[in-house]
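K.L.:
Below you'll find data-v7.cif; it's mmCIF, C-alpha atoms.
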data_run
loop_
_atom_site.group_PDB
_atom_site.id
_atom_site.type_symbol
_atom_site.label_atom_id
_atom_site.label_comp_id
_atom_site.auth_asym_id
_atom_site.auth_seq_id
_atom_site.Cartn_x
_atom_site.Cartn_y
_atom_site.Cartn_z
ATOM 1 C CA MET A 1 238.326 61.031 87.384
ATOM 2 C CA PHE A 2 238.139 57.495 88.753
ATOM 3 C CA ALA A 3 241.327 56.176 87.196
ATOM 4 C CA TRP A 4 242.684 55.758 90.716
ATOM 5 C CA TYR A 5 240.062 53.087 91.401
ATOM 6 C CA ARG A 6 241.491 50.812 88.705
ATOM 7 C CA GLU A 7 244.839 50.944 90.474
ATOM 8 C CA LEU A 8 243.405 49.472 93.666
ATOM 9 C CA THR A 9 244.077 45.835 94.456
ATOM 10 C CA GLU A 10 241.192 43.393 94.787
ATOM 11 C CA ARG A 11 241.476 43.608 98.561
ATOM 12 C CA GLU A 12 241.348 47.404 98.486
ATOM 13 C CA GLN A 13 238.331 47.348 96.160
ATOM 14 C CA ASN A 14 236.482 44.885 98.379
ATOM 15 C CA THR A 15 237.159 47.094 101.368
ATOM 16 C CA PHE A 16 236.086 50.185 99.443
ATOM 17 C CA TRP A 17 232.730 48.694 98.451
ATOM 18 C CA GLY A 18 232.160 47.139 101.853
ATOM 19 C CA CYS A 19 232.665 50.492 103.581
ATOM 20 C CA PHE A 20 230.680 52.360 100.927
ATOM 21 C CA ALA A 21 227.753 50.003 101.428
ATOM 22 C CA GLY A 22 228.140 50.214 105.204
ATOM 23 C CA TRP A 23 227.976 54.007 105.102
ATOM 24 C CA ALA A 24 224.964 53.908 102.736
ATOM 25 C CA VAL A 25 222.878 51.516 104.832
ATOM 26 C CA ASP A 26 223.858 53.434 107.953
ATOM 27 C CA ALA A 27 222.516 56.634 106.376
ATOM 28 C CA MET A 28 219.405 54.866 105.098
ATOM 29 C CA ASP A 29 218.388 53.501 108.492
ATOM 30 C CA ALA A 30 219.216 56.808 110.162
ATOM 31 C CA GLN A 31 217.113 58.825 107.714
ATOM 32 C CA LEU A 32 214.052 56.574 107.769
ATOM 33 C CA PHE A 33 213.274 58.251 111.098
ATOM 34 C CA SER A 34 213.140 61.701 109.478
ATOM 35 C CA PHE A 35 210.307 60.544 107.201
ATOM 36 C CA VAL A 36 208.203 59.092 110.010
ATOM 37 C CA LEU A 37 208.791 62.075 112.295
ATOM 38 C CA PRO A 38 205.897 64.239 110.982
ATOM 39 C CA ILE A 39 203.584 61.235 111.271
ATOM 40 C CA LEU A 40 204.589 60.625 114.891
ATOM 41 C CA ILE A 41 204.158 64.290 115.784
ATOM 42 C CA ALA A 42 200.550 64.071 114.565
ATOM 43 C CA ALA A 43 199.757 60.561 115.815
ATOM 44 C CA TRP A 44 201.343 60.771 119.261
ATOM 45 C CA GLY A 45 200.817 64.464 119.837
ATOM 46 C CA MET A 46 204.551 64.991 120.304
ATOM 47 C CA THR A 47 205.850 68.504 120.608
ATOM 48 C CA THR A 48 208.597 69.731 118.328
ATOM 49 C CA ALA A 49 210.823 69.821 121.416
ATOM 50 C CA GLN A 50 210.258 66.103 122.038
ATOM 51 C CA ALA A 51 210.948 65.352 118.393
ATOM 52 C CA GLY A 52 214.160 67.329 118.711
ATOM 53 C CA TYR A 53 215.128 65.318 121.781
ATOM 54 C CA LEU A 54 214.808 62.116 119.751
ATOM 55 C CA ALA A 55 217.153 63.433 117.065
ATOM 56 C CA THR A 56 219.608 64.898 119.571
ATOM 57 C CA ALA A 57 219.724 61.753 121.696
ATOM 58 C CA THR A 58 220.618 59.703 118.620
ATOM 59 C CA LEU A 59 223.484 62.008 117.667
ATOM 60 C CA LEU A 60 224.854 62.075 121.207
ATOM 61 C CA SER A 61 224.679 58.294 121.526
ATOM 62 C CA ALA A 62 226.393 58.040 118.119
ATOM 63 C CA ALA A 63 229.293 59.994 119.592
ATOM 64 C CA ILE A 64 229.476 57.540 122.487
ATOM 65 C CA GLY A 65 229.193 54.614 120.087
ATOM 66 C CA GLY A 66 232.028 55.968 117.965
ATOM 67 C CA TRP A 67 234.296 56.301 120.984
ATOM 68 C CA ALA A 68 233.404 52.889 122.398
ATOM 69 C CA CYS A 69 233.637 51.036 119.089
ATOM 70 C CA GLY A 70 236.929 52.715 118.282
ATOM 71 C CA TYR A 71 238.278 51.137 121.457
ATOM 72 C CA LEU A 72 236.619 47.789 120.682
ATOM 73 C CA ALA A 73 237.985 47.844 117.129
ATOM 74 C CA ASP A 74 241.484 48.077 118.602
ATOM 75 C CA ARG A 75 240.773 45.048 120.752
ATOM 76 C CA PHE A 76 238.760 42.772 118.469
ATOM 77 C CA GLY A 77 239.277 43.974 114.900
ATOM 78 C CA ARG A 78 237.959 46.655 112.590
ATOM 79 C CA ALA A 79 236.020 44.370 110.227
ATOM 80 C CA ARG A 80 234.498 42.381 113.084
ATOM 81 C CA ILE A 81 233.257 45.467 114.922
ATOM 82 C CA MET A 82 231.940 46.973 111.703
ATOM 83 C CA GLN A 83 229.857 43.851 111.115
ATOM 84 C CA PHE A 84 228.578 43.961 114.695
ATOM 85 C CA THR A 85 227.568 47.625 114.498
ATOM 86 C CA ILE A 86 225.622 47.113 111.262
ATOM 87 C CA LEU A 87 223.677 44.253 112.823
ATOM 88 C CA TRP A 88 223.161 46.380 115.939
ATOM 89 C CA PHE A 89 221.599 49.428 114.292
ATOM 90 C CA CYS A 90 219.570 47.302 111.873
ATOM 91 C CA ALA A 91 218.088 45.380 114.808
ATOM 92 C CA PHE A 92 217.137 48.514 116.722
ATOM 93 C CA THR A 93 215.720 50.178 113.612
ATOM 94 C CA PHE A 94 213.466 47.137 113.267
ATOM 95 C CA LEU A 95 212.491 47.213 116.939
ATOM 96 C CA ALA A 96 211.646 50.907 116.686
ATOM 97 C CA GLY A 97 208.749 49.865 114.488
ATOM 98 C CA PHE A 98 207.133 48.319 117.591
ATOM 99 C CA ALA A 99 207.453 51.427 119.789
ATOM 100 C CA GLN A 100 204.225 52.409 121.520
ATOM 101 C CA ASP A 101 205.119 55.819 122.908
ATOM 102 C CA PHE A 102 207.736 58.543 123.059
ATOM 103 C CA GLN A 103 209.679 56.972 125.935
ATOM 104 C CA GLN A 104 210.069 53.620 124.216
ATOM 105 C CA LEU A 105 211.153 55.262 120.979
ATOM 106 C CA MET A 106 213.682 57.392 122.849
ATOM 107 C CA VAL A 107 215.376 54.305 124.296
ATOM 108 C CA LEU A 108 215.418 52.567 120.922
ATOM 109 C CA ARG A 109 216.810 55.634 119.162
ATOM 110 C CA ILE A 110 219.612 55.908 121.717
ATOM 111 C CA MET A 111 220.510 52.264 121.175
ATOM 112 C CA GLN A 112 220.299 52.766 117.424
ATOM 113 C CA GLY A 113 222.668 55.723 117.617
ATOM 114 C CA LEU A 114 225.350 53.637 119.321
ATOM 115 C CA GLY A 115 225.487 51.460 116.224
ATOM 116 C CA PHE A 116 225.515 54.399 113.809
ATOM 117 C CA GLY A 117 228.512 56.007 115.490
ATOM 118 C CA GLY A 118 230.281 52.690 115.857
ATOM 119 C CA GLU A 119 229.969 51.908 112.151
ATOM 120 C CA TRP A 120 231.372 55.312 111.198
ATOM 121 C CA ALA A 121 234.385 54.791 113.453
ATOM 122 C CA ALA A 122 235.171 51.197 112.500
ATOM 123 C CA GLY A 123 234.656 51.815 108.779
ATOM 124 C CA ALA A 124 236.867 54.907 108.721
ATOM 125 C CA VAL A 125 239.746 53.106 110.437
ATOM 126 C CA LEU A 126 239.336 50.094 108.165
ATOM 127 C CA MET A 127 239.597 52.294 105.083
ATOM 128 C CA GLY A 128 242.562 54.190 106.488
ATOM 129 C CA GLU A 129 244.554 51.037 107.172
ATOM 130 C CA ILE A 130 243.858 49.095 103.975
ATOM 131 C CA ILE A 131 243.685 51.715 101.207
ATOM 132 C CA ARG A 132 247.190 52.842 100.234
ATOM 133 C CA ALA A 133 248.194 56.395 101.096
ATOM 134 C CA GLU A 134 248.183 57.830 97.551
ATOM 135 C CA HIS A 135 244.528 56.854 97.018
ATOM 136 C CA ARG A 136 243.260 56.988 100.598
ATOM 137 C CA GLY A 137 241.832 60.504 100.472
ATOM 138 C CA LYS A 138 239.964 59.901 97.223
ATOM 139 C CA ALA A 139 238.620 56.566 98.419
ATOM 140 C CA VAL A 140 237.459 57.887 101.792
ATOM 141 C CA GLY A 141 235.855 60.917 100.132
ATOM 142 C CA THR A 142 233.973 58.691 97.703
ATOM 143 C CA VAL A 143 232.832 56.422 100.525
ATOM 144 C CA GLN A 144 231.399 59.472 102.310
ATOM 145 C CA SER A 145 229.162 60.017 99.274
ATOM 146 C CA GLY A 146 227.447 56.791 100.278
ATOM 147 C CA PHE A 147 225.472 58.954 102.700
ATOM 148 C CA GLY A 148 223.662 60.511 99.734
ATOM 149 C CA VAL A 149 222.909 57.065 98.327
ATOM 150 C CA GLY A 150 221.501 55.940 101.667
ATOM 151 C CA TRP A 151 219.438 59.102 102.063
ATOM 152 C CA SER A 152 218.016 58.627 98.572
ATOM 153 C CA ALA A 153 217.157 54.998 99.336
ATOM 154 C CA ALA A 154 215.337 56.111 102.494
ATOM 155 C CA ALA A 155 213.380 58.707 100.512
ATOM 156 C CA ILE A 156 212.381 56.163 97.870
ATOM 157 C CA LEU A 157 211.309 53.604 100.465
ATOM 158 C CA ALA A 158 209.357 56.210 102.411
ATOM 159 C CA GLY A 159 207.615 57.365 99.241
ATOM 160 C CA LEU A 160 206.621 53.830 98.285
ATOM 161 C CA VAL A 161 205.586 52.583 101.724
ATOM 162 C CA LEU A 162 203.796 55.675 102.987
ATOM 163 C CA ALA A 163 202.013 56.179 99.667
ATOM 164 C CA HIS A 164 200.474 52.708 99.672
ATOM 165 C CA LEU A 165 199.933 51.927 103.344
ATOM 166 C CA PRO A 166 197.828 53.789 105.917
ATOM 167 C CA GLN A 167 199.929 56.098 108.046
ATOM 168 C CA GLU A 168 198.655 54.393 111.207
ATOM 169 C CA TYR A 169 200.977 51.474 110.610
ATOM 170 C CA GLY A 170 202.844 52.411 107.440
ATOM 171 C CA TRP A 171 205.552 54.123 109.479
ATOM 172 C CA ARG A 172 206.057 50.921 111.459
ATOM 173 C CA VAL A 173 206.515 48.886 108.283
ATOM 174 C CA LEU A 174 208.987 51.474 107.006
ATOM 175 C CA LEU A 175 211.167 51.183 110.108
ATOM 176 C CA MET A 176 210.944 47.391 110.103
ATOM 177 C CA ILE A 177 212.317 47.342 106.557
ATOM 178 C CA GLY A 178 215.443 48.842 108.110
ATOM 179 C CA VAL A 179 216.487 45.364 109.222
ATOM 180 C CA LEU A 180 217.247 44.269 105.647
ATOM 181 C CA PRO A 181 220.634 46.054 105.345
ATOM 182 C CA GLY A 182 221.884 43.589 107.945
ATOM 183 C CA LEU A 183 222.357 41.203 105.014
ATOM 184 C CA LEU A 184 225.395 43.305 104.099
ATOM 185 C CA VAL A 185 227.242 41.502 106.868
ATOM 186 C CA LEU A 186 227.237 38.355 104.712
ATOM 187 C CA TYR A 187 229.329 40.218 102.128
ATOM 188 C CA LEU A 188 231.609 41.682 104.757
ATOM 189 C CA ARG A 189 232.292 38.283 106.319
ATOM 190 C CA ARG A 190 233.342 36.808 102.963
ATOM 191 C CA LYS A 191 235.211 39.722 101.397
ATOM 192 C CA ILE A 192 236.720 41.909 104.116
ATOM 193 C CA GLU A 193 239.836 40.935 106.026
ATOM 194 C CA GLU A 194 241.487 42.657 108.952
ATOM 195 C CA PRO A 195 244.265 45.129 107.992
ATOM 196 C CA GLU A 196 247.791 43.748 108.191
ATOM 197 C CA ILE A 197 248.896 46.595 110.422
ATOM 198 C CA PHE A 198 246.179 45.703 112.917
ATOM 199 C CA VAL A 199 247.135 42.015 112.924
ATOM 200 C CA LYS A 200 250.810 42.853 113.473
ATOM 201 C CA THR A 201 250.042 45.432 116.152
ATOM 202 C CA ARG A 202 247.758 43.058 118.039
ATOM 203 C CA ALA A 203 250.414 40.340 117.928
ATOM 204 C CA HIS A 204 252.976 42.807 119.289
ATOM 205 C CA VAL A 205 250.631 43.903 122.084
ATOM 206 C CA GLU A 206 249.904 40.317 123.090
ATOM 207 C CA LYS A 207 253.605 39.537 123.076
ATOM 208 C CA THR A 208 254.731 42.560 125.079
ATOM 209 C CA GLY A 209 251.621 43.093 127.189
ATOM 210 C CA THR A 210 251.673 46.839 126.528
ATOM 211 C CA ARG A 211 248.413 48.379 125.384
ATOM 212 C CA PRO A 212 247.825 52.144 124.970
ATOM 213 C CA GLY A 213 244.973 53.443 127.120
ATOM 214 C CA LEU A 214 242.068 55.674 126.139
ATOM 215 C CA GLY A 215 244.039 58.688 127.307
ATOM 216 C CA ALA A 216 246.628 58.278 124.533
ATOM 217 C CA ILE A 217 244.806 60.698 122.240
ATOM 218 C CA PHE A 218 245.044 63.394 124.918
ATOM 219 C CA GLN A 219 248.815 63.297 125.156
ATOM 220 C CA PRO A 220 250.554 66.622 124.359
ATOM 221 C CA GLU A 221 251.763 65.457 120.942
ATOM 222 C CA THR A 222 248.226 64.545 119.788
ATOM 223 C CA LEU A 223 245.989 66.814 121.895
ATOM 224 C CA ARG A 224 245.746 69.605 119.298
ATOM 225 C CA ILE A 225 244.714 67.199 116.525
ATOM 226 C CA THR A 226 242.209 65.513 118.848
ATOM 227 C CA ILE A 227 240.541 68.815 119.760
ATOM 228 C CA LEU A 228 240.417 70.212 116.218
ATOM 229 C CA SER A 229 239.146 66.943 114.733
ATOM 230 C CA SER A 230 236.479 66.658 117.423
ATOM 231 C CA LEU A 231 235.277 70.224 116.847
ATOM 232 C CA LEU A 232 235.112 69.642 113.087
ATOM 233 C CA ALA A 233 233.139 66.410 113.509
ATOM 234 C CA PHE A 234 230.854 68.042 116.089
ATOM 235 C CA GLY A 235 230.002 70.845 113.685
ATOM 236 C CA VAL A 236 229.511 68.688 110.611
ATOM 237 C CA ILE A 237 227.442 65.974 112.286
ATOM 238 C CA GLY A 238 225.490 68.412 114.455
ATOM 239 C CA VAL A 239 224.481 70.771 111.653
ATOM 240 C CA GLY A 240 224.025 68.000 109.102
ATOM 241 C CA GLY A 241 221.938 65.936 111.505
ATOM 242 C CA ALA A 242 219.667 68.877 112.280
ATOM 243 C CA ILE A 243 219.048 69.560 108.589
ATOM 244 C CA VAL A 244 218.378 66.018 107.403
ATOM 245 C CA ASN A 245 216.230 65.087 110.413
ATOM 246 C CA TRP A 246 213.920 68.053 110.042
ATOM 247 C CA LEU A 247 213.833 68.449 106.250
ATOM 248 C CA PRO A 248 210.870 66.087 105.577
ATOM 249 C CA THR A 249 208.893 67.653 108.441
ATOM 250 C CA PHE A 250 209.673 71.115 107.081
ATOM 251 C CA MET A 251 208.580 70.128 103.582
ATOM 252 C CA LYS A 252 205.302 68.704 104.860
ATOM 253 C CA THR A 253 204.299 71.280 107.466
ATOM 254 C CA VAL A 254 205.761 74.482 106.031
ATOM 255 C CA ARG A 255 205.889 73.847 102.288
ATOM 256 C CA ASN A 256 202.688 71.757 102.293
ATOM 257 C CA CYS A 257 204.145 68.744 100.475
ATOM 258 C CA ARG A 258 201.675 65.873 100.742
ATOM 259 C CA ARG A 259 201.659 62.151 100.176
ATOM 260 C CA PRO A 260 202.090 61.291 96.471
ATOM 261 C CA HIS A 261 198.640 59.772 95.952
ATOM 262 C CA ARG A 262 196.889 62.753 97.517
ATOM 263 C CA ASP A 263 198.776 65.858 96.395
ATOM 264 C CA THR A 264 202.079 65.994 94.574
ATOM 265 C CA THR A 265 202.424 69.764 94.695
ATOM 266 C CA CYS A 266 204.448 71.860 97.111
ATOM 267 C CA SER A 267 204.095 75.490 98.043
ATOM 268 C CA TRP A 268 207.375 77.250 97.261
#
Take the structure from the file and write it as structure tokens.

P.N.:
Amino acid sequence: MFAWYRELTEREQNTFWGCFAGWAVDAMDAQLFSFVLPILIAAWGMTTAQAGYLATATLLSAAIGGWACGYLADRFGRARIMQFTILWFCAFTFLAGFAQDFQQLMVLRIMQGLGFGGEWAAGAVLMGEIIRAEHRGKAVGTVQSGFGVGWSAAAILAGLVLAHLPQEYGWRVLLMIGVLPGLLVLYLRRKIEEPEIFVKTRAHVEKTGTRPGLGAIFQPETLRITILSSLLAFGVIGVGGAIVNWLPTFMKTVRNCRRPHRDTTCSW
């Protein structure tokens, strides 16, 4: 099933693993919030509507981050922007551990979302331009599975931290741990190079002085693809985000799943 992987060059494999890891740590930091959400609802007296605003604001800012970083990746490089976005969302995940109220957390979640969306955009383009066409679909699909790895890592960390630390500050420690994936940038800086097509295109743009504007994707020849792709992404991210953000809260408040050291049973 993975015979195609052995046919990849060293450069393609490095890019594959760099993007896979980037997607995984992105998902991990994003999902840490879902495990602290029920704690914050109880500790801060947040309403479910306010909790929903936090999740929604992150997804909306991720859309803005994807758009902005797609533009920046065209200007400064896919690998460089990917590194920047990972450092960005790791930093704001860490800072979220210091939030004192709903308003502060809202601002930090919005800033965090910009990095999440930016990493998705930069990583996808990087994969598309380095992995050869005959293996691109399989490689990109496998990289997407990194979300499950990141979600699982978040669940394991939440189980360990929240089981052994008081909830009053355990959730803060959990979010602060989200800074550690920033170390991935060290790998990316050593192993990932900019795609050749990007280097050649940038040289051509600098030579001719012609640079496509943001409106290029709304030209008649690409408008249909832009609209359909946007609707697909909106549905997948919107529905998926709603499920994964609320699942731990649902399990705790509706199915009565408790912390491991207190009660390991759930009402099904």

K.L.:
What's around Arg136 of chain A at 12 Å? Count all atoms listed in the file, leave out sequence neighbours fewer than 4 positions away in its own chain, and write the answer as an MDAnalysis selection string.

P.N.:
chainID A and resid 4:5 7:8 12:13 15:16 124:132 140:143

K.L.:
Between atom CA of Trp67 of chain A and atom CA of Gly97 of chain A, what distance in Å does the model show, to one decimal?

P.N.:
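Atom-to-atom, atom CA of Trp67 of chain A and atom CA of Gly97 of chain A are spaced 27.1 Å apart.
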
K.L.:
By how many Å are atom CA of Arg172 of chain A and atom CA of Val107 of chain A apart?

P.N.:
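Pair atom CA of Arg172 of chain A / atom CA of Val107 of chain A returns 16.2 Å.
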
K.L.:
Applying the PyMOL selection byres ((chain A and resi 87-89) around 10) to the file I just gave you, which residues come out? Please list them as a ChimeraX atom specification.

P.N.:
/A:25-26,29-30,81-86,90-95,108-109,111-119,178-185

K.L.:
Separation of atom CA of Ala153 of chain A and atom CA of Gly137 of chain A, in Å?

P.N.:
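Rounded to one decimal, the two atoms are 25.3 Å apart.
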
K.L.:
Please write as a PyMOL selection string the full residue list that the PyMOL selection byres ((chain A and resi 51-60) around 7) yields on this file.

P.N.:
chain A and resi 46-50+61-64+106+109-110+113+245

K.L.:
Give me, as a PDB file with C-alpha atoms, in the frame of the given file, all polymer residues having an atom no more than 12 Å from segment 206-209 of chain A, counting all atoms listed in the file and skipping those fewer than 6 positions away in the same chain.

P.N.:
ATOM      1  CA  ARG A  75     240.773  45.048 120.752  1.00  0.00           C
ATOM      2  CA  VAL A 199     247.135  42.015 112.924  1.00  0.00           C
ATOM      3  CA  LYS A 200     250.810  42.853 113.473  1.00  0.00           C
TER       4      LYS A 200
END

K.L.:
Might you spell out which residues the PyMOL selection byres ((chain A and resi 162) around 12) would select in the displayed file, as JSON, numbers by chain?

P.N.:
{"A": [32, 35, 36, 38, 39, 154, 155, 156, 157, 158, 159, 160, 161, 163, 164, 165, 166, 167, 168, 169, 170, 171, 172, 173, 174, 175, 258, 259, 260, 261, 262]}

K.L.:
For Gln144 of chain A, which residue among A:Asn14, A:Gly22, A:Ala3, A:Phe98 is the nearest when counting all atoms listed in the file?

P.N.:
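When distances to Gln144 of chain A are compared using all atoms listed in the file, the smallest one comes from A:Gly22.
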
K.L.:
For a cut-off of 10 Å around (235.6, 41.4, 105.6), file coordinates, pick out all residues using all atoms listed in the file and list them as a PyMOL selection string.

P.N.:
chain A and resi 11+14-15+18-19+78-80+82-83+126+185-195

K.L.:
For segment 196-215 of chain A, take all atoms listed in the file, fit an axis-aligned box around them, add 3 Å to each of the six sides, then output centre and edge lengths in Å rounded to one decimal, as JSON.

P.N.:
{"center_x": 248.4, "center_y": 49.1, "center_z": 117.7, "size_x": 18.7, "size_y": 25.2, "size_z": 25.1}
